[in-house]
file query_22.cif (mmCIF, C-alpha atoms)
data_target
#
loop_
_atom_site.label_atom_id
_atom_site.label_comp_id
_atom_site.auth_asym_id
_atom_site.auth_seq_id
_atom_site.Cartn_x
_atom_site.Cartn_y
_atom_site.Cartn_z
CA MET A 1 -37.38 200.65 -121.73
CA HIS A 2 -35.39 199.27 -124.69
CA ASP A 3 -35.18 200.90 -128.15
CA LEU A 4 -36.56 199.09 -131.14
CA PRO A 5 -33.89 197.65 -133.51
CA GLY A 6 -34.68 200.16 -136.25
CA GLN A 7 -34.37 203.11 -133.87
CA ALA A 8 -30.98 201.97 -132.60
CA THR A 9 -29.63 201.70 -136.14
CA SER A 10 -30.75 205.24 -137.04
CA GLN A 11 -29.09 206.66 -133.94
CA LEU A 12 -25.78 204.96 -134.80
CA THR A 13 -25.69 206.04 -138.43
CA ALA A 14 -26.87 209.65 -137.99
CA PRO A 15 -23.52 211.21 -136.94
CA SER A 16 -21.77 209.89 -140.08
CA VAL A 17 -23.96 212.11 -142.33
CA ALA A 18 -22.02 215.37 -142.18
CA PRO A 19 -21.63 216.66 -145.78
CA SER A 20 -20.14 219.97 -144.83
CA ARG A 21 -17.14 218.33 -143.18
CA HIS A 22 -16.50 215.54 -145.74
CA LEU A 23 -17.32 217.13 -149.13
CA GLY A 24 -14.78 219.90 -148.72
CA ARG A 25 -14.87 223.27 -150.44
CA ILE A 26 -13.65 224.99 -153.60
CA THR A 27 -11.12 227.80 -153.32
CA LEU A 28 -9.76 230.23 -155.90
CA ASP A 29 -6.16 231.42 -155.82
CA VAL A 30 -4.69 234.09 -158.05
CA ARG A 31 -1.95 232.66 -160.26
CA GLN A 32 1.38 234.44 -160.54
CA ASN A 33 3.53 234.29 -163.71
CA LEU A 34 2.06 231.22 -165.39
CA PRO A 35 4.55 229.98 -168.06
CA PRO A 36 3.56 230.72 -171.68
CA TRP A 37 3.38 227.04 -172.61
CA LYS A 38 0.86 226.41 -169.85
CA GLN A 39 -1.19 229.39 -171.04
CA ALA A 40 -1.13 227.90 -174.54
CA VAL A 41 -2.32 224.55 -173.11
CA PHE A 42 -5.28 226.22 -171.39
CA VAL A 43 -6.25 228.20 -174.50
CA GLY A 44 -5.81 225.18 -176.79
CA GLY A 45 -7.77 222.89 -174.47
CA SER A 46 -10.64 225.39 -174.20
CA LEU A 47 -10.67 225.84 -177.98
CA ILE A 48 -10.81 222.08 -178.53
CA LEU A 49 -13.66 221.84 -176.01
CA GLY A 50 -15.58 224.62 -177.81
CA LEU A 51 -15.04 222.94 -181.19
CA ALA A 52 -16.13 219.57 -179.78
CA ILE A 53 -19.39 221.09 -178.48
CA SER A 54 -19.92 222.76 -181.88
CA VAL A 55 -19.36 219.48 -183.74
CA ALA A 56 -21.82 217.75 -181.39
CA ILE A 57 -24.47 220.42 -182.09
CA LEU A 58 -23.97 220.11 -185.85
CA ALA A 59 -24.16 216.31 -185.57
CA ALA A 60 -27.49 216.71 -183.74
CA VAL A 61 -28.94 218.63 -186.73
CA GLY A 62 -27.72 216.08 -189.26
CA VAL A 63 -24.21 217.19 -190.22
CA SER A 64 -21.85 214.34 -189.46
CA PRO A 65 -18.25 215.06 -188.34
CA VAL A 66 -16.93 213.30 -191.48
CA THR A 67 -19.01 215.57 -193.71
CA LEU A 68 -17.89 218.61 -191.75
CA ALA A 69 -14.22 217.63 -192.15
CA SER A 70 -14.77 217.10 -195.89
CA GLU A 71 -16.34 220.55 -196.25
CA LEU A 72 -13.43 222.14 -194.37
CA ALA A 73 -10.92 220.41 -196.66
CA SER A 74 -12.79 221.48 -199.81
CA VAL A 75 -12.68 225.14 -198.73
CA LEU A 76 -8.89 225.12 -198.97
CA THR A 77 -8.83 224.14 -202.66
CA ALA A 78 -7.49 226.70 -205.13
CA ASP A 79 -10.96 227.65 -206.40
CA SER A 80 -12.38 228.24 -202.93
CA LEU A 81 -9.28 229.88 -201.49
CA ARG A 82 -10.01 233.13 -203.32
CA GLY A 83 -13.37 233.41 -201.57
CA VAL A 84 -11.66 232.70 -198.23
CA LEU A 85 -9.15 235.52 -198.81
CA VAL A 86 -11.93 237.95 -199.78
CA GLN A 87 -13.79 237.06 -196.59
CA ALA A 88 -10.62 237.16 -194.49
CA ALA A 89 -10.00 240.89 -195.13
CA PRO A 90 -12.98 242.33 -193.15
CA LEU A 91 -12.59 239.64 -190.48
CA VAL A 92 -8.94 240.57 -189.91
CA LEU A 93 -9.89 244.25 -189.70
CA VAL A 94 -12.68 243.73 -187.14
CA GLY A 95 -10.39 241.41 -185.15
CA LEU A 96 -7.74 244.11 -185.22
CA SER A 97 -10.30 246.67 -184.07
CA ALA A 98 -11.39 244.55 -181.09
CA SER A 99 -7.83 243.59 -180.10
CA LEU A 100 -6.62 247.22 -180.07
CA ALA A 101 -9.47 248.27 -177.80
CA PHE A 102 -9.10 245.25 -175.51
CA ARG A 103 -5.41 246.02 -174.98
CA ILE A 104 -6.36 249.08 -172.92
CA GLY A 105 -9.38 247.46 -171.27
CA PHE A 106 -11.96 249.17 -173.50
CA TRP A 107 -14.77 246.75 -174.41
CA ASN A 108 -15.59 247.85 -177.92
CA LEU A 109 -18.70 245.84 -178.83
CA GLY A 110 -19.86 248.43 -181.34
CA LEU A 111 -17.93 246.99 -184.28
CA GLU A 112 -21.05 246.74 -186.42
CA GLY A 113 -22.01 250.35 -185.80
CA GLN A 114 -18.50 251.53 -186.67
CA MET A 115 -18.55 249.36 -189.80
CA ILE A 116 -21.87 250.93 -190.78
CA PHE A 117 -20.53 254.47 -190.42
CA GLY A 118 -17.39 253.46 -192.29
CA GLY A 119 -19.57 252.22 -195.14
CA ILE A 120 -21.75 255.35 -195.01
CA PHE A 121 -18.76 257.70 -195.19
CA ALA A 122 -17.23 255.68 -198.04
CA ALA A 123 -20.54 255.69 -199.93
CA ALA A 124 -20.93 259.44 -199.37
CA VAL A 125 -17.61 260.04 -201.15
CA SER A 126 -18.93 258.05 -204.11
CA ILE A 127 -22.48 259.46 -204.15
CA TYR A 128 -21.39 263.12 -203.92
CA ASP A 129 -18.39 262.68 -206.29
CA ILE A 130 -15.84 263.99 -203.82
CA GLY A 131 -12.36 264.24 -205.33
CA PRO A 132 -10.99 263.19 -208.73
CA PRO A 133 -11.58 259.63 -209.95
CA SER A 134 -7.88 258.78 -209.65
CA THR A 135 -7.95 259.30 -205.87
CA ARG A 136 -11.59 258.39 -205.25
CA LEU A 137 -10.91 254.91 -203.83
CA LEU A 138 -8.23 256.26 -201.51
CA MET A 139 -10.59 258.99 -200.29
CA MET A 140 -13.32 256.42 -199.69
CA GLY A 141 -10.89 254.46 -197.50
CA PHE A 142 -9.88 257.54 -195.50
CA GLY A 143 -13.52 258.55 -195.20
CA ALA A 144 -14.45 255.10 -193.88
CA ALA A 145 -11.65 255.17 -191.28
CA LEU A 146 -12.78 258.64 -190.22
CA GLY A 147 -16.42 257.53 -189.94
CA GLY A 148 -15.59 254.53 -187.75
CA ALA A 149 -13.26 256.58 -185.55
CA LEU A 150 -15.80 259.39 -185.01
CA TRP A 151 -18.55 256.92 -184.11
CA VAL A 152 -16.47 255.17 -181.44
CA LEU A 153 -15.07 258.46 -180.11
CA LEU A 154 -18.64 259.35 -179.17
CA VAL A 155 -18.52 256.38 -176.77
CA ALA A 156 -15.09 257.43 -175.52
CA LEU A 157 -16.49 260.89 -174.74
CA LEU A 158 -19.42 259.38 -172.82
CA LYS A 159 -17.06 257.11 -170.87
CA ILE A 160 -14.44 259.73 -169.99
CA ARG A 161 -16.78 262.68 -169.40
CA PHE A 162 -19.86 261.00 -167.91
CA ARG A 163 -18.52 257.54 -166.87
CA VAL A 164 -21.03 255.72 -169.11
CA ASN A 165 -20.27 252.00 -169.41
CA GLU A 166 -18.77 251.41 -172.85
CA ILE A 167 -20.33 247.94 -173.22
CA ILE A 168 -23.85 249.35 -172.98
CA ALA A 169 -23.01 252.45 -175.04
CA THR A 170 -21.35 250.60 -177.92
CA LEU A 171 -24.08 247.94 -178.09
CA LEU A 172 -26.90 250.50 -178.10
CA LEU A 173 -25.16 252.72 -180.65
CA ASN A 174 -25.13 249.72 -183.00
CA TYR A 175 -28.91 250.07 -183.22
CA VAL A 176 -28.68 253.83 -183.76
CA ALA A 177 -26.23 253.29 -186.63
CA MET A 178 -28.38 250.52 -188.13
CA TYR A 179 -31.57 252.61 -188.15
CA PHE A 180 -29.68 255.60 -189.55
CA LEU A 181 -28.49 253.32 -192.37
CA PHE A 182 -32.09 252.22 -192.99
CA HIS A 183 -33.14 255.87 -193.02
CA LEU A 184 -30.66 256.56 -195.82
CA LEU A 185 -31.34 253.41 -197.85
CA TYR A 186 -35.12 253.76 -197.68
CA GLY A 187 -34.89 257.49 -198.33
CA ALA A 188 -32.39 259.83 -199.97
CA TRP A 189 -29.81 257.21 -200.99
CA GLN A 190 -32.20 254.56 -202.34
CA ASP A 191 -31.43 253.34 -205.85
CA SER A 192 -34.20 254.87 -207.95
CA LYS A 193 -33.73 252.31 -210.75
CA THR A 194 -34.34 249.18 -208.68
CA ALA A 195 -36.32 250.68 -205.76
CA PHE A 196 -34.50 248.23 -203.47
CA PRO A 197 -33.11 249.50 -200.15
CA GLN A 198 -29.56 249.94 -201.43
CA SER A 199 -27.49 252.73 -202.91
CA THR A 200 -26.57 253.08 -206.56
CA PRO A 201 -23.68 250.78 -207.58
CA PHE A 202 -20.16 252.13 -207.22
CA ARG A 203 -18.32 252.82 -210.44
CA PRO A 204 -15.34 250.62 -211.44
CA PHE A 205 -12.75 253.11 -210.14
CA GLU A 206 -14.58 253.05 -206.78
CA ARG A 207 -14.35 249.26 -206.37
CA LEU A 208 -11.69 247.08 -204.69
CA GLY A 209 -11.03 244.48 -207.37
CA ASP A 210 -8.54 241.70 -207.89
CA ILE A 211 -4.94 242.83 -208.14
CA GLY A 212 -3.63 239.55 -209.52
CA TYR A 213 -3.23 235.89 -208.52
CA GLY A 214 -6.74 235.94 -207.06
CA ILE A 215 -5.79 238.46 -204.36
CA ASN A 216 -8.44 241.06 -203.64
CA GLY A 217 -7.61 244.71 -202.91
CA GLY A 218 -9.35 244.41 -199.55
CA LEU A 219 -6.71 241.91 -198.44
CA ILE A 220 -4.02 244.54 -199.10
CA VAL A 221 -5.91 246.99 -196.88
CA ALA A 222 -6.04 244.35 -194.13
CA ILE A 223 -2.33 243.44 -194.41
CA VAL A 224 -1.21 247.09 -194.34
CA SER A 225 -3.43 247.70 -191.30
CA VAL A 226 -1.97 244.66 -189.50
CA LEU A 227 1.60 245.82 -190.16
CA LEU A 228 0.82 249.35 -188.93
CA ALA A 229 -0.90 248.03 -185.81
CA GLY A 230 1.98 245.61 -185.17
CA TRP A 231 4.49 248.47 -185.38
CA LEU A 232 2.27 250.62 -183.16
CA ILE A 233 1.92 248.00 -180.43
CA HIS A 234 5.32 246.26 -180.50
CA LEU A 235 7.80 248.93 -181.62
CA SER A 236 6.46 252.40 -180.86
CA ARG A 237 6.30 254.36 -177.63
CA ILE A 238 2.51 254.25 -177.81
CA GLY A 239 2.65 250.45 -177.57
CA PHE A 240 4.82 250.72 -174.45
CA TYR A 241 2.33 253.16 -172.94
CA THR A 242 -0.62 250.85 -173.71
CA ARG A 243 1.09 247.95 -171.88
CA PHE A 244 1.64 250.23 -168.90
CA ILE A 245 -1.98 251.46 -168.98
CA SER A 246 -3.31 247.92 -169.30
CA ALA A 247 -1.26 246.72 -166.30
CA ASN A 248 -2.06 249.59 -163.92
CA PRO A 249 -3.68 252.79 -165.28
CA ARG A 250 -3.48 254.61 -161.95
CA MET A 251 0.26 253.98 -161.57
CA ALA A 252 0.80 254.90 -165.25
CA LYS A 253 -0.86 258.26 -164.62
CA ILE A 254 1.26 258.86 -161.51
CA VAL A 255 4.54 258.31 -163.38
CA GLY A 256 3.55 260.72 -166.16
CA VAL A 257 2.03 258.55 -168.88
CA PRO A 258 -0.64 260.55 -170.79
CA VAL A 259 -3.30 257.96 -170.02
CA GLN A 260 -6.28 259.88 -171.33
CA THR A 261 -4.59 260.89 -174.59
CA MET A 262 -3.30 257.36 -175.24
CA THR A 263 -6.72 255.89 -174.45
CA VAL A 264 -8.45 258.20 -176.92
CA CYS A 265 -5.83 257.47 -179.63
CA ILE A 266 -6.15 253.69 -179.29
CA ILE A 267 -9.96 253.86 -179.22
CA ALA A 268 -9.93 256.01 -182.37
CA ALA A 269 -7.56 253.52 -184.07
CA SER A 270 -9.94 250.71 -183.08
CA GLY A 271 -12.90 252.51 -184.64
CA ALA A 272 -10.88 253.32 -187.77
CA CYS A 273 -10.11 249.62 -188.30
CA ALA A 274 -13.81 248.73 -187.99
CA GLY A 275 -14.65 251.55 -190.41
CA LEU A 276 -12.13 250.15 -192.90
CA ALA A 277 -13.82 246.75 -192.57
CA GLY A 278 -17.07 248.43 -193.63
CA PHE A 279 -15.27 250.06 -196.57
CA VAL A 280 -13.81 246.72 -197.68
CA ASN A 281 -17.24 245.08 -197.60
CA VAL A 282 -19.12 247.77 -199.52
CA ALA A 283 -16.33 248.46 -202.05
CA SER A 284 -15.45 244.81 -202.64
CA GLN A 285 -18.10 242.18 -201.94
CA GLU A 286 -21.23 244.33 -202.19
CA GLY A 287 -20.19 247.00 -204.69
CA ARG A 288 -22.69 249.41 -203.09
CA LEU A 289 -24.12 250.33 -199.70
CA THR A 290 -26.57 247.66 -198.56
CA GLN A 291 -28.55 247.13 -195.38
CA SER A 292 -26.82 243.94 -194.19
CA PHE A 293 -23.13 244.33 -195.06
CA SER A 294 -22.10 244.51 -191.38
CA ASN A 295 -24.26 241.77 -189.88
CA GLY A 296 -22.59 239.21 -187.62
CA TYR A 297 -19.16 240.80 -187.29
CA VAL A 298 -19.26 241.56 -183.54
CA PHE A 299 -18.87 237.93 -182.45
CA SER A 300 -16.23 237.32 -185.13
CA GLY A 301 -14.16 240.32 -184.06
CA VAL A 302 -14.32 239.41 -180.37
CA LEU A 303 -13.49 235.78 -181.16
CA ILE A 304 -10.45 236.73 -183.25
CA ALA A 305 -9.22 239.12 -180.56
CA PHE A 306 -9.55 236.46 -177.85
CA LEU A 307 -7.85 233.74 -179.88
CA SER A 308 -4.99 236.04 -180.87
CA ARG A 309 -4.64 237.32 -177.30
CA ASN A 310 -4.85 240.87 -178.69
CA ASP A 311 -1.66 240.53 -180.72
CA PRO A 312 -2.07 242.38 -184.08
CA ILE A 313 0.21 240.01 -185.97
CA VAL A 314 -1.52 236.87 -184.71
CA VAL A 315 -4.84 238.47 -185.64
CA ALA A 316 -3.97 237.96 -189.33
CA VAL A 317 -3.51 234.20 -188.86
CA VAL A 318 -6.61 233.74 -186.71
CA GLY A 319 -8.66 235.92 -189.06
CA PHE A 320 -7.77 233.62 -191.96
CA LEU A 321 -8.80 230.52 -189.97
CA ILE A 322 -12.09 232.15 -188.97
CA ALA A 323 -12.66 232.99 -192.65
CA VAL A 324 -12.34 229.28 -193.41
CA LEU A 325 -15.00 228.54 -190.77
CA PHE A 326 -17.13 231.40 -192.14
CA ILE A 327 -17.08 230.03 -195.68
CA THR A 328 -17.76 226.53 -194.35
CA GLY A 329 -20.73 227.95 -192.43
CA GLN A 330 -22.09 229.45 -195.64
CA THR A 331 -21.74 226.06 -197.33
CA LEU A 332 -23.60 224.39 -194.46
CA GLN A 333 -26.38 226.97 -194.77
CA VAL A 334 -26.80 226.35 -198.50
CA PHE A 335 -26.39 222.57 -198.72
CA TYR A 336 -27.45 221.39 -195.24
CA GLN A 337 -30.00 224.09 -194.34
CA VAL A 338 -28.13 225.01 -191.16
CA PRO A 339 -29.60 228.39 -190.11
CA PHE A 340 -27.35 231.43 -189.82
CA ALA A 341 -28.37 231.78 -186.17
CA MET A 342 -26.79 228.40 -185.45
CA VAL A 343 -23.54 229.47 -187.12
CA GLN A 344 -23.54 232.53 -184.85
CA MET A 345 -24.30 230.33 -181.85
CA ILE A 346 -21.26 228.17 -182.64
CA GLU A 347 -19.10 231.30 -182.75
CA ALA A 348 -20.54 232.33 -179.37
CA ILE A 349 -19.73 228.90 -177.90
CA ILE A 350 -16.13 229.19 -179.06
CA VAL A 351 -15.90 232.72 -177.60
CA ILE A 352 -17.19 231.50 -174.21
CA ALA A 353 -14.81 228.53 -174.23
CA VAL A 354 -11.78 230.70 -174.99
CA ALA A 355 -12.89 233.35 -172.48
CA SER A 356 -13.10 230.66 -169.79
CA SER A 357 -9.46 229.78 -170.47
CA GLU A 358 -8.55 233.35 -169.49
CA PHE A 359 -10.16 232.76 -166.10
CA LEU A 360 -8.22 229.53 -165.59
CA ILE A 361 -4.98 231.22 -166.64
CA ARG A 362 -5.41 233.90 -163.98
CA HIS A 363 -6.89 231.69 -161.26
CA ARG A 364 -6.18 228.29 -159.75
CA VAL A 365 -9.20 226.24 -158.73
CA ARG A 366 -8.50 223.93 -155.77
CA TRP A 367 -10.61 221.39 -153.93
CA ILE A 368 -9.87 221.38 -150.19
CA ARG A 369 -11.24 218.69 -147.87
#
call {"tool": "encode", "arguments": {"input": "query_22.cif", "output": "structure tokens"}}
result
Amino acid sequence: MHDLPGQATSQLTAPSVAPSRHLGRITLDVRQNLPPWKQAVFVGGSLILGLAISVAILAAVGVSPVTLASELASVLTADSLRGVLVQAAPLVLVGLSASLAFRIGFWNLGLEGQMIFGGIFAAAVSIYDIGPPSTRLLMMGFGAALGGALWVLLVALLKIRFRVNEIIATLLLNYVAMYFLFHLLYGAWQDSKTAFPQSTPFRPFERLGDIGYGINGGLIVAIVSVLLAGWLIHLSRIGFYTRFISANPRMAKIVGVPVQTMTVCIIAASGACAGLAGFVNVASQEGRLTQSFSNGYVFSGVLIAFLSRNDPIVVAVVGFLIAVLFITGQTLQVFYQVPFAMVQMIEAIIVIAVASSEFLIRHRVRWIR
């Protein structure tokens, strides 16, 4: 009995359909000692990809790339540059906070909570008239650094003593800090004159004002913090220890490095920087304790730390560029009705793009047939 023509054809062609043998497979290899210029290419390429996606999203909601470029250029004029520098100070400080923690593998995502406690401690110095007026501003700054450090050390205690994941702990403590702030602003610290949920205004000697040439006092706090962190990481013994701990904490402990002490010190420094960012916001831009002075700084801090590759000096440059984007985002909100959530989404896209470059730097993706 002979096969029909159609049956014979199907029998001949069936063996050629073998996807598993012809499509190949994807393998991952760990890279060893990738040259710095190649790392820069990966980071730059990922950043350009993230920006391209962001521009496409803005174009979809009616903001053309030409308009966006024009708004970016207008931000850098002399009149707008002052606002950029004011905004750059807290951004540099939260970027510094995230980068210090990331250097020892501690995922500090509680920047907003530490900013809130920094602002609360600074406001407490003002509200309860602690210290003479001549040193009041300095005491507010120290109080803010102490508040941020104490709040993040609570997470360090949970991690070291009870092995609680710091990502979950820091994120959840943000909510605790926020509702404690609401408790104060809707209760004992509410301004009785306006009845709004905000504290009474700080007095002039409790404010970070301009110190000349359009430079705000908050920028000085940020620059001093960057220089101290740069010395700490690049020139001091602590910086050497942190590089050792980051590379191999178990080996560092075996050779005598005080891993636990160094970890606690760096985490405290990270919280202090975030607390100072809260101080700069309440003593400069807000002039009082408000309920929203810390909103949206987690993504910005993580983004700055990623882009700067946790280098304190580079944080200053990246923080300034992010401030330009931040001011541009505010302009887009006012004149083009772009919601704040979309501005945050764009920051998240850039963070994901840059984070993906870290994966490609450490791994090689190969297609094997």
call {"tool": "atom_distance", "arguments": {"input": "query_22.cif", "atom1": "CA of Val221 (chain A)", "atom2": "CA of Ser99 (chain A)"}}
result
17.2 Å
call {"tool": "resolve_selection", "arguments": {"input": "query_22.cif", "expression": "the PyMOL selection byres ((chain A and resi 289-298) around 6)", "output": "list in words"}}
result
Leu111, Glu112, Gln198, Ser199, Val282, Arg288, Phe299, Ser300 and Gly301 of chain A
call {"tool": "write_last_selection", "arguments": {"input": "query_22.cif", "atoms": "C-alpha atoms", "output": "PDB file, keeping the file's coordinate frame"}}
result
ATOM      1  CA  LEU A 111     -17.930 246.990-184.280  1.00  0.00           C
ATOM      2  CA  GLU A 112     -21.050 246.740-186.420  1.00  0.00           C
ATOM      3  CA  GLN A 198     -29.560 249.940-201.430  1.00  0.00           C
ATOM      4  CA  SER A 199     -27.490 252.730-202.910  1.00  0.00           C
ATOM      5  CA  VAL A 282     -19.120 247.770-199.520  1.00  0.00           C
ATOM      6  CA  ARG A 288     -22.690 249.410-203.090  1.00  0.00           C
ATOM      7  CA  PHE A 299     -18.870 237.930-182.450  1.00  0.00           C
ATOM      8  CA  SER A 300     -16.230 237.320-185.130  1.00  0.00           C
ATOM      9  CA  GLY A 301     -14.160 240.320-184.060  1.00  0.00           C
TER      10      GLY A 301
END
call {"tool": "resolve_selection", "arguments": {"input": "query_22.cif", "expression": "the PyMOL selection byres ((chain A and resi 136) around 12)", "output": "VMD selection string"}}
result
chain A and resid 122 to 135 137 to 143 202 to 208 283
call {"tool": "residues_near_point", "arguments": {"input": "query_22.cif", "point": "(-10.6, 230.8, -176.3)", "cutoff": "8 Å", "atoms": "only C-alpha atoms", "output": "list of chain:residue names"}}
result
A:Val43, A:Gly44, A:Ser46, A:Leu47, A:Leu303, A:Phe306, A:Leu307, A:Ile350, A:Val351, A:Ile352, A:Ala353, A:Val354, A:Ala355, A:Ser356, A:Ser357, A:Glu358
call {"tool": "resolve_selection", "arguments": {"input": "query_22.cif", "expression": "the PyMOL selection byres ((chain A and resi 316) around 9)", "output": "ChimeraX atom specification"}}
result
/A:88-89,91-93,95-96,222-223,226,304,308,312-315,317-321
call {"tool": "closest_residue", "arguments": {"input": "query_22.cif", "among": "A:Gln330, A:Ser246, A:Thr261, A:Ser54", "to": "Ile349 (chain A)", "atoms": "all atoms listed in the file"}}
result
A:Ser54
call {"tool": "atom_distance", "arguments": {"input": "query_22.cif", "atom1": "CA of Ala101 (chain A)", "atom2": "CA of Arg31 (chain A)"}}
result
24.7 Å
call {"tool": "atom_distance", "arguments": {"input": "query_22.cif", "atom1": "CA of Gly329 (chain A)", "atom2": "CA of Gly278 (chain A)"}}
result
20.8 Å
call {"tool": "closest_residue", "arguments": {"input": "query_22.cif", "among": "A:Ile327, A:Met345, A:Ala169, A:Met178", "to": "Val75 (chain A)", "atoms": "only C-alpha atoms"}}
result
A:Ile327
call {"tool": "residues_around", "arguments": {"input": "query_22.cif", "residues": "Ser64 (chain A)", "least_positions_apart": "5", "cutoff": "12 Å", "atoms": "all atoms listed in the file", "output": "list in words"}}
result
Ser54, Val55, Ala56, Ile57, Leu58, Ala59, Ala69, Ser70, Glu71, Leu332 and Tyr336 of chain A
